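Engineer: Got a structure for you, written out below as structure tokens; questions coming shortly.
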Amino acid sequence: MNRKKLNKRLPSLAFSVLMLMTFGNLGTSMAFSLQSANMGRIFQTLGADPTKLGWFFILPPLAGMVVQPLVGYFSDRTWIPKIGRRLPYLILGTIVAVIVMFLLPNSGSFGFKTSTALWFGAVTILFMDLSSNMSMQPFKMMISDMVNDEQKDQAWSWQTIWGNIGGVAADLFPFLLTWIGIKNIAAKGELPDSVKWSFYIGAAILIVSSIFTICKVDEYNPETYAKYHGLDQDANISENFFTIIKHAPKVFWTLGIVEFFSWTGFQYLWTYGAGTVAQNIWHTTNASSAAYQAAGNWFGVLSAVEVAVAIIYGLILQKLNDRIRKPAYALGMILGALGFWGLSVAPTKLWSVIAFIGIGMCWVTINSIPFTILTNALDGKHDGTYMGLFNSWVCFPQVVASVCSFALYPLLGNYMPHMLVVAAVLALIGAFAVYVVKEISVERGDIE
């Protein structure tokens with residue numbers, strides 16, 4: 001991609017503005033966390049065959065691959081006075097997500113037979129991911145729109161920190177609700193009240209946090225946006241997706257290699273993590289048993305450990321600079337590999353906690369550093385579209401991982417912990433792939 005030096009002067013933002021811009025991600029990430037931490041538990045409780053779990057985990061990333069590029073493409077061309085460019089999509093996505101969060105945990109409570117309940121759950125998961133992706137993408141795009149290179153590490157770290165605060169709360173909900181007396185068991189094929197109320201509370205918080213951001217963030221109007229990004233306000237931005245992809249910066253593609261190995265591993269964690277904990281520590285594979293439901297609660301606690309570690313490590317990552325950003329990226333992947341392997345063999349709760357410390361450090365790494373590298377290379381003309389398309393590098397690996405699981409899972413003895421070993425190997429490969437990436441900064445005038 002050939003670039004001329006741009007007169008791009010994004011101003012430095014006050015710390016309070018960075019907080020307001022990223023705070024709403026708390027509620028959206030809570031919705032994602034409730035979904036990812038409970039999907040395996042939900043579908044196995046509804047009666048899904050463990051060897052077919054991959055089918056249910058294909059729908060969410062497929063939704064992300066469609067929705068986020070479209071939100072980016074159309075929001076690049078949207079301006080609604082007094083609302084904004086990205087915020088209209090946050091509003092719509094939040095409304096739909098809240099409705100679905102009340103439906104999903106009740107998939108087995110409508111009297112459907114098992115096959116119908118599974119289909120209802122699958123369709124509900126699809127709509128939940130469509131809406132969650134629509135509400136999450138604006139937070140990413142506003143950083144690209146409004147934050148200069150010097151503040152991007154800080155902004156992306158806080159974006160992830162707020163998301164992880166929402167995530168840690170969501171992951172703990174079933175455990176805490178059970179502790180205060182909410183039922184953690186239910187009739188066969190139904191989700192316990194502890195899971196249902198977790199989704200209800202998450203929906204309420206999503207509403208509040210989204211309203212907070214919508215009311216407090218003022219996006220740059222078209223004139224100001226063009227001035228700060230060194231663009232001609234009247235320039236034609238009508239290129240189609242294929243033209244835009246053709247002119248993508250090189251880091252868009254090289255980061256995709258690292259992202260592939262990052263997200264395939266996490267897909268296996270979400271799909272087989274709860275079952276691995278149940279087999280290794282509770283020694284059960286019976287999804288209807290009290291032991292399995294206890295393991296499901298503990299997996300929620302482990303997911304909370306993951307995001308709590310991510311919050312702390314995220315405070316460190318916001319201090320990164322051009323010299324140490326890539327080594328920190330590779331280190332995060334290595335720590336993730338160690339965490340996946342540790343969980344695959346963890347015989348005790350303590351061991352599983354230690355494993356999730358490494359996983360948490362990897363999680364915040366892959367949710368902050370690649371986005372800093374990408375947005376530094378964007379010129380402001382099609383930032384929303386590129387941010388949406390970049391989400392395909394998050395979603396496509398999850399689809400591949402799910403499809404491959406149909407062959408891998410039987411090949412590895414139908415033994416869930418072995419799938420976490422695969423995740424560890426993939427993360428380790430990703431650590432080496434980091435050094436394929438060459439960073440550039442359009443703001444500094446770098447040319448490809």
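In the structure tokens, chains take the letters A, B, ... in the order shown, each chain's residues start at 1, and ligands count up from 1 in the order shown.
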Could you go through region 39-227 of chain A and tell me which residues DSSP, when run on the backbone, assigns to helix (DSSP H, G or I), listing them as a count of residues only?
Structural biologist: 148
Engineer: Any idea what's packed within 10 Å of Val66 (chain A), counting only C-alpha atoms, ignoring anything in its chain fewer than 2 positions away? Could you give it as a PyMOL selection string?
Structural biologist: chain A and resi 61-64+68-71+130+133+388-389+391-392+395
Engineer: In Å, with one decimal, what is the gap from CA of Ala274 (chain A) to CA of Ile354 (chain A)?
Structural biologist: 15.9 Å
Engineer: Which residues, written as a compact mmCIF listing (two decimals) with N, CA and C atoms, in the first residue's frame, have at least one atom at most 7 Å from region 159-162 of chain A, with only C-alpha atoms counted and residues fewer than 2 positions away on the same chain left out?
Structural biologist:
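The resulting file, around-v1.txt, is reproduced below:
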# COMPACT_ATOMS: atom_id res chain seq x y z
N THR A 22 -14.05 4.40 26.67
CA THR A 22 -13.86 2.96 26.77
C THR A 22 -14.77 2.29 27.81
N PHE A 23 -15.41 3.08 28.68
CA PHE A 23 -16.16 2.52 29.79
C PHE A 23 -17.30 1.60 29.36
N ASN A 25 -17.52 -0.48 27.19
CA ASN A 25 -17.11 -1.83 26.83
C ASN A 25 -17.31 -2.80 27.98
N LEU A 26 -17.47 -2.29 29.19
CA LEU A 26 -17.72 -3.14 30.36
C LEU A 26 -18.96 -3.99 30.15
N ALA A 155 -5.11 3.67 25.55
CA ALA A 155 -6.54 3.53 25.24
C ALA A 155 -6.94 2.07 25.06
N TRP A 156 -6.14 1.32 24.30
CA TRP A 156 -6.48 -0.08 24.07
C TRP A 156 -6.37 -0.90 25.35
N SER A 157 -5.42 -0.54 26.21
CA SER A 157 -5.31 -1.25 27.49
C SER A 157 -6.53 -0.98 28.35
N ASN A 164 -12.57 -6.40 30.82
CA ASN A 164 -12.25 -7.48 31.74
C ASN A 164 -12.93 -7.32 33.10
N ILE A 165 -13.13 -6.07 33.51
CA ILE A 165 -13.89 -5.86 34.75
C ILE A 165 -15.31 -6.39 34.58
N GLY A 166 -15.92 -6.10 33.42
CA GLY A 166 -17.24 -6.66 33.14
C GLY A 166 -17.19 -8.16 33.04
N ILE A 311 -6.68 -7.53 33.86
CA ILE A 311 -6.81 -6.15 34.32
C ILE A 311 -5.47 -5.64 34.84
N GLY A 314 -2.89 -5.53 32.11
CA GLY A 314 -3.23 -4.46 31.18
C GLY A 314 -2.68 -3.12 31.62
N VAL A 364 -5.23 -10.43 27.57
CA VAL A 364 -5.14 -8.97 27.44
C VAL A 364 -4.14 -8.60 26.35
N ASN A 367 -5.80 -8.80 22.92
CA ASN A 367 -6.91 -7.86 22.79
C ASN A 367 -6.47 -6.40 22.82
N SER A 368 -5.18 -6.15 22.93
CA SER A 368 -4.71 -4.77 22.97
C SER A 368 -3.59 -4.51 21.97
Engineer: Could you check how far CA of Leu411 (chain A) sits from CA of Tyr292 (chain A), in Å to one decimal?
Structural biologist: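 That distance, rounded to one decimal, is 24.2 Å.
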Engineer: Using only C-alpha atoms, which residue out of A:Ser198, A:Asn414, A:Thr365, A:Ser135 lies closest to Ser29 (chain A)?
Structural biologist: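 Nearest to Ser29 (chain A): A:Ser135.
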Engineer: Can you tell me which residues surround Val394 (chain A) at a distance of at most 9 Å, considering only C-alpha atoms, apart from same-chain residues fewer than 2 positions away, and format the answer as an mmCIF file with C-alpha atoms, in the first residue's frame?
Structural biologist:
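To be explicit, this is the file written out as part09.cif:
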data_model
loop_
_atom_site.group_PDB
_atom_site.id
_atom_site.type_symbol
_atom_site.label_atom_id
_atom_site.label_comp_id
_atom_site.auth_asym_id
_atom_site.auth_seq_id
_atom_site.Cartn_x
_atom_site.Cartn_y
_atom_site.Cartn_z
ATOM 1 C CA PRO A 61 -17.596 -16.277 14.870
ATOM 2 C CA GLY A 64 -18.758 -11.656 13.784
ATOM 3 C CA MET A 65 -17.212 -12.086 10.333
ATOM 4 C CA GLY A 256 -3.691 -11.988 10.665
ATOM 5 C CA GLU A 259 -4.274 -13.779 15.182
ATOM 6 C CA PHE A 260 -4.961 -17.166 13.617
ATOM 7 C CA SER A 262 -4.109 -16.781 19.002
ATOM 8 C CA TRP A 263 -7.804 -17.343 18.546
ATOM 9 C CA THR A 264 -7.853 -21.015 17.568
ATOM 10 C CA PHE A 390 -9.763 -7.167 11.027
ATOM 11 C CA ASN A 391 -12.326 -8.907 13.189
ATOM 12 C CA SER A 392 -12.330 -11.650 10.551
ATOM 13 C CA PHE A 396 -12.086 -17.052 11.035
ATOM 14 C CA PRO A 397 -9.668 -18.992 13.296
ATOM 15 C CA GLN A 398 -12.577 -19.859 15.578
#
Engineer: Which is closer to Pro192 (chain A) than all the others in A:Val399, A:Met361, A:Leu177, A:Ile373, using only C-alpha atoms?
Structural biologist: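 Distance minimum relative to Pro192 (chain A) lands on A:Leu177.
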Engineer: Residues near Phe74 (chain A), anyone? I mean within 12 Å using only C-alpha atoms, not counting same-chain ones fewer than 2 positions away, as a PDB file with N, CA and C atoms, in the first residue's frame.
Structural biologist:
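out.pdb, written as the output of this step:
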ATOM      1  N   VAL A  67     -20.993  -9.265  10.624  1.00  0.00           N
ATOM      2  CA  VAL A  67     -21.526  -8.049  11.229  1.00  0.00           C
ATOM      3  C   VAL A  67     -20.470  -6.955  11.372  1.00  0.00           C
ATOM      4  N   GLN A  68     -19.293  -7.276  11.907  1.00  0.00           N
ATOM      5  CA  GLN A  68     -18.344  -6.213  12.217  1.00  0.00           C
ATOM      6  C   GLN A  68     -17.829  -5.494  10.971  1.00  0.00           C
ATOM      7  N   PRO A  69     -17.496  -6.202   9.870  1.00  0.00           N
ATOM      8  CA  PRO A  69     -17.130  -5.444   8.660  1.00  0.00           C
ATOM      9  C   PRO A  69     -18.263  -4.557   8.150  1.00  0.00           C
ATOM     10  N   LEU A  70     -19.512  -5.042   8.216  1.00  0.00           N
ATOM     11  CA  LEU A  70     -20.637  -4.234   7.758  1.00  0.00           C
ATOM     12  C   LEU A  70     -20.841  -3.010   8.643  1.00  0.00           C
ATOM     13  N   VAL A  71     -20.731  -3.194   9.954  1.00  0.00           N
ATOM     14  CA  VAL A  71     -20.840  -2.047  10.863  1.00  0.00           C
ATOM     15  C   VAL A  71     -19.741  -1.030  10.555  1.00  0.00           C
ATOM     16  N   GLY A  72     -18.516  -1.530  10.328  1.00  0.00           N
ATOM     17  CA  GLY A  72     -17.422  -0.627  10.001  1.00  0.00           C
ATOM     18  C   GLY A  72     -17.654   0.100   8.692  1.00  0.00           C
ATOM     19  N   ASP A  76     -18.558   4.173   8.604  1.00  0.00           N
ATOM     20  CA  ASP A  76     -17.653   5.117   7.939  1.00  0.00           C
ATOM     21  C   ASP A  76     -18.435   6.142   7.124  1.00  0.00           C
ATOM     22  N   ARG A  77     -19.645   5.769   6.713  1.00  0.00           N
ATOM     23  CA  ARG A  77     -20.468   6.619   5.856  1.00  0.00           C
ATOM     24  C   ARG A  77     -21.675   7.194   6.600  1.00  0.00           C
ATOM     25  N   THR A  78     -21.680   7.071   7.916  1.00  0.00           N
ATOM     26  CA  THR A  78     -22.814   7.513   8.725  1.00  0.00           C
ATOM     27  C   THR A  78     -22.456   8.772   9.511  1.00  0.00           C
ATOM     28  N   TRP A  79     -23.357   9.706   9.565  1.00  0.00           N
ATOM     29  CA  TRP A  79     -23.255  10.804  10.522  1.00  0.00           C
ATOM     30  C   TRP A  79     -24.663  11.265  10.861  1.00  0.00           C
ATOM     31  N   ARG A  85     -21.314   8.924  14.659  1.00  0.00           N
ATOM     32  CA  ARG A  85     -20.936   8.056  13.541  1.00  0.00           C
ATOM     33  C   ARG A  85     -21.028   6.584  13.925  1.00  0.00           C
ATOM     34  N   ARG A  86     -20.445   6.238  15.068  1.00  0.00           N
ATOM     35  CA  ARG A  86     -20.412   4.838  15.525  1.00  0.00           C
ATOM     36  C   ARG A  86     -21.522   4.530  16.535  1.00  0.00           C
ATOM     37  N   PRO A  88     -24.795   5.147  16.768  1.00  0.00           N
ATOM     38  CA  PRO A  88     -26.102   4.571  16.380  1.00  0.00           C
ATOM     39  C   PRO A  88     -26.080   3.041  16.343  1.00  0.00           C
ATOM     40  N   TYR A  89     -24.942   2.462  15.964  1.00  0.00           N
ATOM     41  CA  TYR A  89     -24.828   1.003  15.898  1.00  0.00           C
ATOM     42  C   TYR A  89     -24.708   0.394  17.297  1.00  0.00           C
ATOM     43  N   MET A 134     -22.266  -6.009  17.079  1.00  0.00           N
ATOM     44  CA  MET A 134     -22.684  -4.682  16.648  1.00  0.00           C
ATOM     45  C   MET A 134     -22.452  -3.648  17.737  1.00  0.00           C
ATOM     46  N   PRO A 138     -18.283  -0.381  17.816  1.00  0.00           N
ATOM     47  CA  PRO A 138     -18.105   1.069  17.945  1.00  0.00           C
ATOM     48  C   PRO A 138     -17.022   1.483  18.937  1.00  0.00           C
ATOM     49  N   ILE A 237     -15.231   8.200  -0.781  1.00  0.00           N
ATOM     50  CA  ILE A 237     -14.931   7.010   0.027  1.00  0.00           C
ATOM     51  C   ILE A 237     -15.888   5.872  -0.345  1.00  0.00           C
ATOM     52  N   SER A 238     -16.282   5.856  -1.607  1.00  0.00           N
ATOM     53  CA  SER A 238     -17.298   4.896  -2.037  1.00  0.00           C
ATOM     54  C   SER A 238     -16.708   3.569  -2.509  1.00  0.00           C
ATOM     55  N   GLU A 239     -15.405   3.365  -2.314  1.00  0.00           N
ATOM     56  CA  GLU A 239     -14.810   2.106  -2.740  1.00  0.00           C
ATOM     57  C   GLU A 239     -15.537   0.918  -2.117  1.00  0.00           C
ATOM     58  N   ASN A 240     -15.589  -0.180  -2.856  1.00  0.00           N
ATOM     59  CA  ASN A 240     -16.226  -1.379  -2.319  1.00  0.00           C
ATOM     60  C   ASN A 240     -15.241  -2.154  -1.445  1.00  0.00           C
ATOM     61  N   PHE A 241     -15.737  -3.216  -0.838  1.00  0.00           N
ATOM     62  CA  PHE A 241     -14.912  -4.000   0.085  1.00  0.00           C
ATOM     63  C   PHE A 241     -13.641  -4.512  -0.592  1.00  0.00           C
ATOM     64  N   HIS A 382     -10.707   4.799   5.878  1.00  0.00           N
ATOM     65  CA  HIS A 382     -11.600   3.634   5.978  1.00  0.00           C
ATOM     66  C   HIS A 382     -11.365   2.896   7.289  1.00  0.00           C
ATOM     67  N   ASP A 383     -11.114   3.633   8.363  1.00  0.00           N
ATOM     68  CA  ASP A 383     -10.735   2.991   9.621  1.00  0.00           C
ATOM     69  C   ASP A 383     -11.791   2.029  10.125  1.00  0.00           C
ATOM     70  N   GLY A 384     -13.057   2.423  10.056  1.00  0.00           N
ATOM     71  CA  GLY A 384     -14.122   1.550  10.536  1.00  0.00           C
ATOM     72  C   GLY A 384     -14.185   0.255   9.759  1.00  0.00           C
ATOM     73  N   THR A 385     -14.038   0.366   8.433  1.00  0.00           N
ATOM     74  CA  THR A 385     -14.082  -0.829   7.598  1.00  0.00           C
ATOM     75  C   THR A 385     -12.919  -1.768   7.916  1.00  0.00           C
ATOM     76  N   TYR A 386     -11.717  -1.201   8.050  1.00  0.00           N
ATOM     77  CA  TYR A 386     -10.557  -2.043   8.355  1.00  0.00           C
ATOM     78  C   TYR A 386     -10.669  -2.671   9.740  1.00  0.00           C
ATOM     79  N   GLY A 388     -13.451  -3.448  11.204  1.00  0.00           N
ATOM     80  CA  GLY A 388     -14.432  -4.513  11.081  1.00  0.00           C
ATOM     81  C   GLY A 388     -13.876  -5.723  10.354  1.00  0.00           C
TER      82      GLY A 388
END
Engineer: With only C-alpha atoms as the basis for distance, which of A:Val168, A:Ile205, A:Ile440, A:Val425 is at the shortest distance from Gly360 (chain A)?
Structural biologist: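 Closest residue, counting only C-alpha atoms: A:Val168.
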Engineer: Which residue gives the smallest distance to Ser144 (chain A) among A:Met21, A:Ile366, A:Ala401, A:Ala431, with only C-alpha atoms counted?
Structural biologist: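 Of A:Met21, A:Ile366, A:Ala401, A:Ala431, the one nearest Ser144 (chain A) is A:Met21, counting only C-alpha atoms.
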Engineer: With distances taken over only C-alpha atoms, which residue among A:Ser12, A:Gln293, A:Asn221, A:Thr271 lies nearest Ser405 (chain A)?
Structural biologist: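 Smallest distance to Ser405 (chain A) is found for A:Thr271.
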Engineer: Compare A:Ser33, A:Ala330, A:Leu374, A:Leu426 by their minimum atom-to-atom distance to Lys250 (chain A), counting only C-alpha atoms, and give me the closest one.
Structural biologist: A:Leu374
Engineer: For Ser289 (chain A), list every protein, DNA or RNA residue within 12 Å, evaluated using only C-alpha atoms, and leave out those in the same chain fewer than 4 positions away; present the list as number ranges by chain.
Structural biologist: A: 41, 44-45, 184-189, 278, 282-285, 293-296
